[in-house]
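Student: Let me give you the structure first, and then I'll get to my questions.
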Amino acid sequence: MFKLSSPAIKDGYLDIKYGIDAPDQSNIVNGIPTVSFPFEWSGAPEGTVSYAVEYMDYDNAEDEGVIWIHWVAAGIGADVTELPENGAKDPSIIQGHNSWSLPYGPYEELPEEARIGYGGPAPGRRHTYELVLFALDIVPNLKQGFYYADLRSQMEGHILGRAVLRMYYGK
């Protein structure tokens, strides 16, 4: 069974240090939490060539009218079984645009480096987050800064399995 877990999740809640309420505010850049939480997986399907990941906040639709993409990435090697704390910054991972790249409100002025890669939880209330790890039979042909739709298109017909981890963040 393809399974995903994280030592940063206790009783269903992501540790506050990985979001906007982190005690160490030096990891909050441009109002965005920048340190990703550790997670590991096991039981990948036979034939897995690479992994892709999406980290979403579906509750954000109620607050801002859009589902929030906190992180999309691809090209994680088939021999990898974990990403440590801040592992989202691994230079071998192909990073996509997150929702901090939306062209409205306070997001318009964010630098490009804030718009690509991991941007952690920053809800005004408790939200449910979902991390999905996809086992693929290909390495998607994507470049740094790809968009979510590009990843979804390339994964079509190539998903061998998916592992899902749900968590809460916020009060």
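Chain labels run A, B, ... following the order of the structure tokens; each chain numbers its residues from 1, and ligands are numbered from 1 in the order shown.
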Please return as a ChimeraX atom specification: the residues of chain A that backbone DSSP assigns to strand (DSSP E or B).
Tutor: /A:3-5,9-10,13-14,28-29,32-33,39-42,50-57,68-77,82-83,94-97,116,127-136,146,159-169
Student: Identify, on the basis of only C-alpha atoms, every residue whose closest approach to stretch 92-101 of chain A does not exceed 9 Å; exclude the query and any residue fewer than 5 positions from it along the same chain; express the result as a VMD selection string.
Tutor: chain A and resid 32 66 to 77 107 to 108 110 to 112 114 to 119 142 to 148 151
Student: What does the file look like for those residues with N, CA, C and O atoms, as a CSV table (one decimal), in the first residue's frame?
Tutor:
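And here's result.csv as it stands now:
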chain,number,residue,atom,x,y,z
A,32,ILE,N,5.0,34.9,3.8
A,32,ILE,CA,4.8,33.6,3.4
A,32,ILE,C,5.8,32.7,4.2
A,32,ILE,O,7.0,32.9,4.2
A,66,VAL,N,-10.8,31.1,-4.2
A,66,VAL,CA,-9.9,30.1,-5.0
A,66,VAL,C,-9.3,29.1,-4.1
A,66,VAL,O,-9.1,29.3,-2.9
A,67,ILE,N,-9.1,27.9,-4.7
A,67,ILE,CA,-8.4,26.9,-4.0
A,67,ILE,C,-6.9,27.3,-4.0
A,67,ILE,O,-6.4,27.8,-5.0
A,68,TRP,N,-6.3,27.2,-2.9
A,68,TRP,CA,-4.9,27.7,-2.8
A,68,TRP,C,-3.9,26.6,-3.0
A,68,TRP,O,-3.9,25.6,-2.3
A,69,ILE,N,-3.0,26.9,-4.0
A,69,ILE,CA,-1.9,25.9,-4.3
A,69,ILE,C,-0.7,26.4,-3.4
A,69,ILE,O,-0.1,27.5,-3.7
A,70,HIS,N,-0.3,25.6,-2.4
A,70,HIS,CA,0.8,26.0,-1.6
A,70,HIS,C,2.1,25.5,-2.2
A,70,HIS,O,3.2,26.0,-2.0
A,71,TRP,N,2.0,24.4,-3.0
A,71,TRP,CA,3.2,23.8,-3.6
A,71,TRP,C,2.9,22.8,-4.6
A,71,TRP,O,2.0,21.9,-4.4
A,72,VAL,N,3.5,22.9,-5.8
A,72,VAL,CA,3.5,21.8,-6.8
A,72,VAL,C,4.9,21.6,-7.3
A,72,VAL,O,5.6,22.6,-7.5
A,73,ALA,N,5.3,20.4,-7.4
A,73,ALA,CA,6.6,20.0,-7.8
A,73,ALA,C,6.7,18.7,-8.5
A,73,ALA,O,5.7,17.9,-8.3
A,74,ALA,N,7.7,18.5,-9.2
A,74,ALA,CA,7.8,17.2,-10.0
A,74,ALA,C,9.3,16.8,-10.1
A,74,ALA,O,10.2,17.6,-9.7
A,75,GLY,N,9.6,15.6,-10.6
A,75,GLY,CA,10.9,15.2,-10.8
A,75,GLY,C,11.6,14.6,-9.6
A,75,GLY,O,12.8,14.5,-9.6
A,76,ILE,N,10.9,14.3,-8.6
A,76,ILE,CA,11.5,13.7,-7.4
A,76,ILE,C,11.8,12.2,-7.8
A,76,ILE,O,10.9,11.5,-8.3
A,77,GLY,N,13.0,11.8,-7.6
A,77,GLY,CA,13.5,10.5,-8.1
A,77,GLY,C,12.8,9.3,-7.4
A,77,GLY,O,12.4,9.4,-6.3
A,107,TYR,N,-0.7,40.2,-3.4
A,107,TYR,CA,0.2,39.3,-4.0
A,107,TYR,C,0.9,39.9,-5.3
A,107,TYR,O,1.9,39.4,-5.7
A,108,GLU,N,0.3,41.0,-5.8
A,108,GLU,CA,0.8,41.6,-7.0
A,108,GLU,C,2.3,42.0,-6.9
A,108,GLU,O,3.0,42.0,-7.9
A,110,LEU,N,4.7,40.7,-4.9
A,110,LEU,CA,5.6,39.7,-4.4
A,110,LEU,C,6.7,39.4,-5.5
A,110,LEU,O,6.5,39.4,-6.7
A,111,PRO,N,8.0,39.2,-5.0
A,111,PRO,CA,9.1,38.9,-5.9
A,111,PRO,C,8.8,37.5,-6.5
A,111,PRO,O,8.2,36.7,-5.9
A,112,GLU,N,9.4,37.3,-7.7
A,112,GLU,CA,9.3,36.0,-8.4
A,112,GLU,C,9.6,34.8,-7.5
A,112,GLU,O,9.0,33.8,-7.6
A,114,ALA,N,9.1,34.2,-4.5
A,114,ALA,CA,8.0,33.9,-3.6
A,114,ALA,C,6.9,33.2,-4.4
A,114,ALA,O,6.0,32.5,-3.8
A,115,ARG,N,6.9,33.3,-5.7
A,115,ARG,CA,5.8,32.8,-6.5
A,115,ARG,C,6.0,31.4,-7.0
A,115,ARG,O,5.1,30.8,-7.5
A,116,ILE,N,7.2,30.9,-6.8
A,116,ILE,CA,7.6,29.5,-7.3
A,116,ILE,C,8.1,28.7,-6.1
A,116,ILE,O,8.8,29.2,-5.3
A,117,GLY,N,7.6,27.5,-6.0
A,117,GLY,CA,8.1,26.6,-5.0
A,117,GLY,C,7.1,26.6,-3.8
A,117,GLY,O,5.9,27.0,-3.9
A,118,TYR,N,7.6,26.2,-2.7
A,118,TYR,CA,6.8,26.0,-1.4
A,118,TYR,C,6.5,27.3,-0.8
A,118,TYR,O,7.4,28.2,-0.6
A,119,GLY,N,5.2,27.5,-0.4
A,119,GLY,CA,4.7,28.6,0.4
A,119,GLY,C,3.7,28.1,1.4
A,119,GLY,O,2.7,27.6,1.0
A,142,LEU,N,9.0,19.1,-17.6
A,142,LEU,CA,8.6,20.5,-17.1
A,142,LEU,C,9.9,21.3,-16.7
A,142,LEU,O,10.9,20.7,-16.4
A,143,LYS,N,9.7,22.6,-16.8
A,143,LYS,CA,10.8,23.5,-16.4
A,143,LYS,C,10.4,24.2,-15.1
A,143,LYS,O,9.3,24.3,-14.8
A,144,GLN,N,11.4,24.7,-14.4
A,144,GLN,CA,11.2,25.5,-13.2
A,144,GLN,C,10.2,26.6,-13.5
A,144,GLN,O,10.3,27.2,-14.6
A,145,GLY,N,9.2,26.7,-12.6
A,145,GLY,CA,8.2,27.8,-12.8
A,145,GLY,C,7.0,27.3,-13.6
A,145,GLY,O,6.2,28.1,-14.1
A,146,PHE,N,6.8,26.0,-13.8
A,146,PHE,CA,5.7,25.5,-14.5
A,146,PHE,C,4.4,25.8,-13.8
A,146,PHE,O,4.4,26.2,-12.6
A,147,TYR,N,3.3,25.7,-14.4
A,147,TYR,CA,2.0,25.9,-13.8
A,147,TYR,C,1.3,24.6,-13.5
A,147,TYR,O,1.6,23.6,-14.1
A,148,TYR,N,0.4,24.6,-12.5
A,148,TYR,CA,-0.3,23.4,-12.1
A,148,TYR,C,-1.0,22.7,-13.3
A,148,TYR,O,-0.9,21.5,-13.3
A,151,LEU,N,1.4,20.4,-15.0
A,151,LEU,CA,1.7,19.2,-14.3
A,151,LEU,C,0.6,18.2,-14.5
A,151,LEU,O,0.8,17.0,-14.8
Student: Hey, which bits of stretch 35-82 of chain A sit within 9 Å of stretch 14-19 of chain A, and for each residue what's the closest pair of atoms and how far apart in Å (one decimal), counting only C-alpha atoms, rows by chain and increasing number, as a Markdown table?
Tutor:
| residue | atom | partner | partner_atom | distance |
| --- | --- | --- | --- | --- |
| A:Val35 | CA | A:Tyr18 | CA | 6.0 |
| A:Ser36 | CA | A:Tyr18 | CA | 6.3 |
| A:Phe37 | CA | A:Tyr18 | CA | 6.1 |
Student: Report the distance between atom CA of A:Gly124 and atom CA of A:Tyr58 in Å, rounded to one decimal place.
Tutor: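 Atom CA of A:Tyr58 lies 13.9 Å from atom CA of A:Gly124.
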Student: Looking at only C-alpha atoms, which of A:Met1, A:Leu131, A:Ala52, A:Ala122 is the one that sits closest to A:His158?
Tutor: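 Using only C-alpha atoms, A:His158 sits closest to A:Ala52.
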Student: Report as a CSV table (one decimal) with N, CA and C atoms, in the first residue's frame: the residues of stretch 52-136 of chain A with a DSSP assignment of helix (DSSP H, G or I), based on the backbone of this structure.
Tutor:
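And here is the file that came out, states_27.csv:
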chain,number,residue,atom,x,y,z
A,60,ASN,N,-9.6,27.4,1.4
A,60,ASN,CA,-9.4,28.8,1.0
A,60,ASN,C,-10.4,29.4,0.0
A,61,ALA,N,-11.1,28.5,-0.7
A,61,ALA,CA,-12.1,28.9,-1.6
A,61,ALA,C,-13.2,29.7,-0.9
A,62,GLU,N,-13.5,29.3,0.3
A,62,GLU,CA,-14.5,30.1,1.1
A,62,GLU,C,-14.0,31.5,1.5
A,63,ASP,N,-12.7,31.6,1.7
A,63,ASP,CA,-12.1,32.9,2.1
A,63,ASP,C,-11.8,33.8,1.0
A,64,GLU,N,-11.2,33.3,-0.1
A,64,GLU,CA,-10.7,34.2,-1.2
A,64,GLU,C,-11.3,33.8,-2.5
A,87,GLY,N,12.9,20.2,2.8
A,87,GLY,CA,13.3,19.4,1.6
A,87,GLY,C,12.7,19.9,0.3
A,88,ALA,N,11.6,20.8,0.4
A,88,ALA,CA,11.0,21.4,-0.8
A,88,ALA,C,12.0,22.2,-1.5
A,89,LYS,N,13.1,22.6,-0.9
A,89,LYS,CA,14.1,23.5,-1.5
A,89,LYS,C,15.2,22.7,-2.2
A,99,SER,N,0.0,29.6,-5.5
A,99,SER,CA,-1.0,30.6,-5.6
A,99,SER,C,-0.6,32.0,-5.1
A,100,TRP,N,0.6,32.1,-4.5
A,100,TRP,CA,1.1,33.4,-4.1
A,100,TRP,C,1.4,34.2,-5.4
A,101,SER,N,1.4,33.6,-6.5
A,101,SER,CA,1.6,34.2,-7.8
A,101,SER,C,0.4,34.9,-8.4
A,105,GLY,N,-4.5,42.0,-5.4
A,105,GLY,CA,-4.3,42.3,-4.0
A,105,GLY,C,-2.9,42.4,-3.6
A,106,PRO,N,-2.6,41.9,-2.4
A,106,PRO,CA,-1.3,42.0,-1.8
A,106,PRO,C,-0.2,41.2,-2.6
A,107,TYR,N,-0.7,40.2,-3.4
A,107,TYR,CA,0.2,39.3,-4.0
A,107,TYR,C,0.9,39.9,-5.3
A,108,GLU,N,0.3,41.0,-5.8
A,108,GLU,CA,0.8,41.6,-7.0
A,108,GLU,C,2.3,42.0,-6.9
A,109,GLU,N,2.7,42.4,-5.7
A,109,GLU,CA,4.0,43.0,-5.5
A,109,GLU,C,5.1,42.0,-5.0
A,112,GLU,N,9.4,37.3,-7.7
A,112,GLU,CA,9.3,36.0,-8.4
A,112,GLU,C,9.6,34.8,-7.5
A,113,GLU,N,10.7,34.9,-6.7
A,113,GLU,CA,11.1,33.8,-5.9
A,113,GLU,C,10.0,33.4,-4.9
A,114,ALA,N,9.1,34.2,-4.5
A,114,ALA,CA,8.0,33.9,-3.6
A,114,ALA,C,6.9,33.2,-4.4
A,115,ARG,N,6.9,33.3,-5.7
A,115,ARG,CA,5.8,32.8,-6.5
A,115,ARG,C,6.0,31.4,-7.0
Student: With only C-alpha atoms as the basis for distance, which of A:Met167, A:Ala135, A:Leu102, A:Ala8 is at the shortest distance from A:Pro45?
Tutor: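 Nearest to A:Pro45: A:Ala135.
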Student: For a test of reading the model, state the distance in Å between atom CA of A:Lys10 and atom CA of A:Phe134, rounded to one decimal.
Tutor: 23.3 Å
Student: Tell me, in Å to one decimal, how far atom CA of A:Pro140 is from atom CA of A:Leu165.
Tutor: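 One can read the atom CA of A:Pro140 to atom CA of A:Leu165 distance as 22.4 Å.
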